[in-house]
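Worksheet: the structure to be examined is printed underneath.
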Amino acid sequence: MEYSLAILVLPLCAFLFLGLFSKVLSHKISGIIGTCSLAVVAVLSYVVAFTYFTTCNVDGVWQTVMPINFEWLSFTQNLHIDLGILLDPISVMMLVVISTVSLMVHIYSMGYMKGEKGFQRYYAILSLFTFSMLGLVIATNIFQMYIFWELVGVSSYLLIGFYYTKPSAVAASKKAFIVTRFADLGFLMGILILSYFTGTFDFGVLTENNGFNVISSMQGISFMGISAATWAMTLIFIGGAGKSAMFPLHIWLPDAMEGPTPVSALIHAATMVVAGVYLVARLFPVYCFATPEVLTLIAYVGAFTALFAAVIAITQTDIKRVLAFSTISQIAYMMVALGVSGYNGHDGLGYMSSMFHLFTHAFFKALLFLGAGSVIHAVHSNEMKNMGGLKKYMPITHITFLIACLAIAGIPPFSGFFSKDEILAAAFMHDKIIFVTLWVVAGLTAFYMFRLYYNIFWGEESVHEHVPHESPKIMTYPLLFLALLSIVAGLIPFGELVSADKIPLHTHIEWGVATAGVLVALTGIFVARTFYRKKSEMPARIAISLGRLYRATAKKFYIDEVWYFVTRKIIFRHVSTPIAKFDKKYIDGTMDAIGNTTVKTSEITKNLQSGRVQWYAWVFITGVLIITVVFLLSRG
């Protein structure tokens with residue numbers, strides 16, 4: 001399958017071409033070039049997926065295929081950085097997800113971004129973003145993944161700050177870049193520790209024989225009472241937690257809404273935030289067998305983040321911020337599933353369900369964001385107070401948004417029901433406290449999503465300067481396609497294709513767990529319908545009765561303020577400022593002193609080469625006299 005290289009080459013070429021010739025290309029031509037290149041990438045991804053899943057199962061085990069792999073940088077005989085393409089069930093699945101969602105975003109953007117200044121630049125960076133994520137998921141080694149990981153960060157910075165004349169967009173892009181850089185430092189440190197002891201970056205070597213290479217090479221080595229393997233894998237998880245916006249590194253994601261809405265769909269559904277989940281899944285054998293304690297940490301961090309983000313989403317009024325906290329909560333669901341998973345057979349249900357939910361979530365979350373973009377396009381506002389009663393003006397957006405809400409709430413037969421049920425079943429098998437937490441989150445998810453739905457499409461109509469209208473077909477077609485996927489994606493026998501040990505996993509619905517999940521979701525929908533379908537004073541009265549708790553929730557529990565205090569008052573004032581003063585006074589002072597001394601010395605010595613004969617004669621006679629005196633004294 002060497003042709004899979006074209007999946008990387010096409011978006012890279014589109015980025016270079018659109019970037020270099022943006023000034024001579026029209027908006028329409030730029031959009032067509034970017035979209036057509038992604039259409040070919042999507043077709044190739046489907047061909048790769050079909051070929052892989054029909055030919056690469058040997059004796060009941062899915063094989064790992066590397067159609068291309070070559071050495072790029074060599075450090076020692078064993079330690080070298082390769083560049084190549086790795087195809088296995090999760091990378092092939094991710095190719096389909098990324099290319100499909102990115103193609104829908106490209107098509108949708110031709111309508112949403114029409115007439116925007118920087119249209120060509122937008123499509124160029126969109127192609128770079130897609131290229132970066134595609135390169136990340138098919139990396140053959142952890143350092144190649146890190147290279148594309150950083151490219152994803154750069155791409156997100158450029159797209160979040162697309163409206164660079166808006167101070168809020170610039171601040172949001174810097175916030176996203178800086179916060180994830182802190183996390184990526186942990187990732188890099190983890191890579192260096194892991195490669196130092198194992199002597200390899202290669203995923204195949206690291207994960208073969210259930211991570212035996214890691215276990216054997218790092219056994220008995222510890223620091224501060226914690227094994228080197230635990231340090232390495234925890235630091236790598238910190239990198240993933242930053243990209244996937246896990247608490248307390250989640251603060252960048254809500255502000256990332258300053259970018260164009262189609263970009264939000266791509267970031268939340270198929271690229272940046274799922275990278276952390278994919279990282280843990282890629283190294284899952286190492287986590288499972290070498291550092292199971294880190295998996296436990298992942299499970300509890302994920303459970304807390306899921307609940308924390310869901311509670312905040314209840315009080316947000318900006319529709320994109322509601323969806324942003326929804327993403328944080330749903331990605332945390334995936335992390336929990338990995339954390340509670342085993343490796344073999346039915347014990348690996350958590351791993352399978354995590355990847356399954358990543359797959360289904362990509363489609364309905366992309367649909368939610370593109371639907372939100374359609375609403376914003378119609379009313380020119382992100383605030384729910386400026387919406388209401390839009391279902392009669394926007395019938396396609398209304399029905400597709402409703403489908404996405406039902407899917408994320410976990411209502412059968414929509415796709416989210418099947419993947420969320422498997423996660424709840426895995427949590428129930430492993431840890432009842434985590435199960436109860438996720439069960440409560442399922443109810444909260446249904447509530448805040450239908451709070452959003454009813455506030456946008458039902459209730460009292462807001463006064464608008466212009467009568468709202470349905471989006472053009474180039475925007476509604478992607479909505480309809482994603483709605484179809486949100487309905488049918490859960491029917492795929494996912495366990496037969498993706499599992500922790502690469503042996504097909506036969507699953508069935510756990511009706512007890514599924515019934516509990518559906519009942520709590522229906523309860524959340526019923527409460528939201530009671531509060532928001534028609535104008536009611538009840539939500540305001542409850543908000544007033546909750547007082548400080550409600551205000552704290554609306555302010556996101558002041559975590560942003562805590563971070564600003566830590567960075568500005570502690571790090572900047574007590575760490576960065578003293579270091580800057582030391583640097584200026586002593587480091588710069590030493591360099592300045594050396595320079596000044598050199599200048600003064602040169603001023604003195606340059607007179608020796610003045611060109612005046614009298615001076616040369618005087619120096620010559622003086623020198624002869626000194627030599628004579630010294631000679632006579634030495635003889636005496």
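Within each chain, counting starts at residue 1; across the structure tokens, chains are named A, B, ... in the order shown, with ligands numbered 1 upward in that order.
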TODO: Show which residues sit within 9 Å of Phe119 in chain A, as number ranges by chain. Count only C-alpha atoms, and ignore same-chain residues fewer than 3 positions away.
DONE: A: 22, 26-27, 30-31, 113-116, 122-124
Residues just named, written with C-alpha atoms as a compact mmCIF listing (two decimals), in the first residue's frame:
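So out-v7.txt came out as:
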```txt
# COMPACT_ATOMS: atom_id res chain seq x y z
CA SER A 22 -2.32 33.05 -2.48
CA SER A 26 -9.08 33.82 -6.43
CA HIS A 27 -11.17 32.76 -3.45
CA SER A 30 -8.31 28.37 -3.64
CA GLY A 31 -11.36 26.68 -2.12
CA MET A 113 -15.89 31.84 4.87
CA LYS A 114 -17.10 33.33 1.58
CA GLY A 115 -15.88 36.90 1.22
CA GLU A 116 -13.55 36.71 4.23
CA TYR A 122 -7.32 29.98 5.57
CA TYR A 123 -7.40 27.09 3.10
CA ALA A 124 -3.62 26.83 3.06
```
TODO: Once DSSP has gone over the backbone, tell me which residues of range 161-285 of chain A are in helix (DSSP H, G or I), as an MDAnalysis selection string.
DONE: chainID A and resid 167:198 203:218 228:243 252:258 261:269 272:282 284:285
Open item on the list: Using only C-alpha atoms, which protein or nucleic acid residues come within 12 Å of Phe418 in chain A? Drop anything in the same chain fewer than 2 positions from it, and give the result as a ChimeraX atom specification.
Closed with: /A:352-354,356-361,407-416,420-425,486-495,507-511,513-515,517-518
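Atom pair CA of Val336 in chain A / CA of Gly186 in chain A has a distance of 20.6 Å (rounded to one decimal).
If you count only C-alpha atoms and ignore residues fewer than 4 places along the chain from Phe447 in chain A, what sits within 9 Å of it is A:Ile314, A:Ala409, A:Ala442, A:Gly443, A:Arg451, A:Leu452, A:Ala521, A:Leu522, A:Thr523, A:Gly524, A:Ile525, A:Phe526, A:Val527, A:Ala528, A:Arg529.
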TODO: Counting only C-alpha atoms, figure out which residue out of A:Thr327, A:Thr296, A:Gln63, A:Asn386 gets nearest to Gly459 in chain A.
DONE: A:Asn386
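Residue nearest Ser4 in chain A within the list A:Val599, A:Val65, A:Leu406, A:Ala366: A:Val65 [criterion: smallest interatomic distance, only C-alpha atoms].
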Task: Nearby residues (only C-alpha atoms) at most 9 Å from range 17-19 of chain A, same-chain spacing under 5 positions excluded, as a PyMOL selection string - done: chain A and resi 12+25+30+33-34+120-121+123-125
What would the file look like if the residues just selected were written as an mmCIF file, in the first residue's frame with C-alpha atoms?
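File produced: selection-v2.cif:
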```
data_model
loop_
_atom_site.group_PDB
_atom_site.id
_atom_site.type_symbol
_atom_site.label_atom_id
_atom_site.label_comp_id
_atom_site.auth_asym_id
_atom_site.auth_seq_id
_atom_site.Cartn_x
_atom_site.Cartn_y
_atom_site.Cartn_z
ATOM 1 C CA LEU A 12 1.211 19.183 1.976
ATOM 2 C CA LEU A 25 -5.445 32.849 -6.776
ATOM 3 C CA SER A 30 -8.310 28.368 -3.641
ATOM 4 C CA ILE A 33 -7.961 23.290 -4.885
ATOM 5 C CA GLY A 34 -8.021 22.725 -1.120
ATOM 6 C CA GLN A 120 -6.606 31.701 0.572
ATOM 7 C CA ARG A 121 -4.502 31.740 3.741
ATOM 8 C CA TYR A 123 -7.400 27.087 3.096
ATOM 9 C CA ALA A 124 -3.615 26.827 3.058
ATOM 10 C CA ILE A 125 -3.427 26.482 6.847
#
```
